[in-house]
Amino acid sequence: MNISRLGKTLLSKTCSPAPSSVLTGIPALLANMPGALTSQPACRLIRTFPPDRVTSARAMPEYQSVVEENNGDQIIKDNINSQILNKETGRLFSVVFLKGKQHKVTSGDLVKVLGDLGAPLGSKIVLDKVMAVGGEDFTLFGRPLLPHGLARVEATVIERTLAREEISQKFKKRENFNKHRFFRKKFNLLRINEISITNKVD
């Protein structure tokens with residue numbers, strides 16, 4: 001037997017005889033020879049390891065430990081809900097999604113939103129796409145949005161105007177092709193009035 005670094009290579013003791021289909025077309029002279037397919041069983045190689053070798057995962061280092069699951073998540077949720085009911089969250093902040101961009105806002109902030117929101121000047125709107133909301137001791141993240149009705153962000157449209165002038169130029173060399181276009185994008189200016197958490201955290 002050959003002993004390798006990984007262990008010993010042994011022949012299986014449970015070998016099955018060769019199938020009869022293998023002997024089809026073989027001359028009788030070759031079939032009667034010693035070591036022929038009729039007398040040599042079909043065996044397979046089995047790789048075995050010494051008993052002192054550990055083939056499973058490595059042992060856990062001493063500086064690591066297994067932490068059992070407990071009801072810590074429920075305790076955290078209860079603490080957050082108690083702060084919400086007692087209004088002890090402090091000043092809340094929120095991340096809202098507007099016109100393809102994310103804005104981190106808090107109460108009293110001014111937000112410049114490119115594009116027309118469709119709300120008239122001076123109207124109050126509610127920003128539904130809230131991605132995150134948090135206070136002094138906790139932060140709630142959505143996947144990617146928070147559930148509808150969990151947080152409420154109210155804003156007022158205080159300005160509807162045009163942005164600064166931009167220039168678009170197209171040029172092709174040696175073709176006497178040169179075009180300029182001047183345009184101004186619409187934008188709305190919002191003031192964040194209030195950020196609140198309306199429902200409990202489940």
# chains A, B, ... in the order shown; residues from 1 in each chain; ligands from 1

call {"tool": "residues_around", "arguments": {"residues": "region 62-76 of chain A", "least_positions_apart": "3", "cutoff": "12 Å", "atoms": "only C-alpha atoms", "output": "PyMOL selection string"}}
result
chain A and resi 59+79-83+137-140+201-202

call {"tool": "residues_around", "arguments": {"residues": "Pro144 (chain A)", "least_positions_apart": "4", "cutoff": "10 Å", "atoms": "only C-alpha atoms", "output": "number ranges by chain"}}
result
A: 129-132

call {"tool": "closest_atom_pairs", "arguments": {"of": "region 117-199 of chain A", "to": "region 90-110 of chain A", "cutoff": "12 Å", "atoms": "only C-alpha atoms", "output": "tab-separated table"}}
result
residue	atom	partner	partner_atom	distance
A:Leu117	CA	A:Lys99	CA	8.5
A:Val126	CA	A:Val96	CA	10.7
A:Leu127	CA	A:Val96	CA	7.1
A:Asp128	CA	A:Val96	CA	7.9
A:Lys129	CA	A:Phe97	CA	5.5
A:Val130	CA	A:Val96	CA	4.6
A:Met131	CA	A:Val95	CA	5.4
A:Ala132	CA	A:Val95	CA	5.1
A:Val133	CA	A:Ser94	CA	4.3
A:Gly134	CA	A:Phe93	CA	5.6
A:Gly135	CA	A:Leu92	CA	4.6
A:Glu136	CA	A:Gly90	CA	6.0
A:Asp137	CA	A:Gly90	CA	8.7
A:Phe138	CA	A:Leu92	CA	9.9
A:Thr139	CA	A:Phe93	CA	9.0
A:Leu140	CA	A:Ser94	CA	9.4
A:Phe141	CA	A:Val95	CA	9.3
A:Gly142	CA	A:Val95	CA	10.0
A:Pro144	CA	A:Phe97	CA	10.2
A:Leu145	CA	A:Phe97	CA	9.0
A:Leu146	CA	A:Val96	CA	10.2
A:Ala151	CA	A:Ser94	CA	8.9
A:Arg152	CA	A:Ser94	CA	9.4
A:Val153	CA	A:Ser94	CA	7.9
A:Glu154	CA	A:Ser107	CA	9.0
A:Ala155	CA	A:Ser107	CA	9.0
A:Thr156	CA	A:Leu110	CA	9.7
A:Val157	CA	A:Leu110	CA	9.9
A:Ile158	CA	A:Leu110	CA	9.3
A:Glu159	CA	A:Leu110	CA	10.6
A:Phe187	CA	A:Lys99	CA	10.6
A:Asn188	CA	A:Leu110	CA	10.3
A:Leu189	CA	A:Leu110	CA	6.8
A:Leu190	CA	A:Leu110	CA	5.6
A:Arg191	CA	A:Leu110	CA	4.6
A:Ile192	CA	A:Ser107	CA	5.2
A:Asn193	CA	A:Ser107	CA	5.5
A:Glu194	CA	A:Ser107	CA	5.3
A:Ile195	CA	A:Ser107	CA	6.3
A:Ser196	CA	A:Leu92	CA	7.3
A:Ile197	CA	A:Leu92	CA	8.9

call {"tool": "atom_distance", "arguments": {"atom1": "CA of Thr161 (chain A)", "atom2": "CA of Ser123 (chain A)"}}
result
15.0 Å

call {"tool": "closest_residue", "arguments": {"among": "A:Lys112, A:Lys186, A:Met60, A:Gly149", "to": "Glu165 (chain A)", "atoms": "only C-alpha atoms"}}
result
A:Lys186

call {"tool": "residues_around", "arguments": {"residues": "Lys185 (chain A)", "least_positions_apart": "2", "cutoff": "9 Å", "atoms": "only C-alpha atoms", "output": "list in words"}}
result
Leu114, Gly115, Thr161, Leu162, Ala163, Arg164, Glu165, Glu166, Phe183 and Phe187 of chain A

call {"tool": "atom_distance", "arguments": {"atom1": "CA of Lys200 (chain A)", "atom2": "CA of Thr89 (chain A)"}}
result
12.9 Å

call {"tool": "select_by_dssp", "arguments": {"residues": "region 58-171 of chain A", "states": "strand (DSSP E or B)", "output": "PyMOL selection string"}}
result
chain A and resi 93-98+101-106+110-114+124-127+130-134+139-141+151-162+166-171

call {"tool": "atom_distance", "arguments": {"atom1": "CA of Val113 (chain A)", "atom2": "CA of Thr198 (chain A)"}}
result
25.3 Å
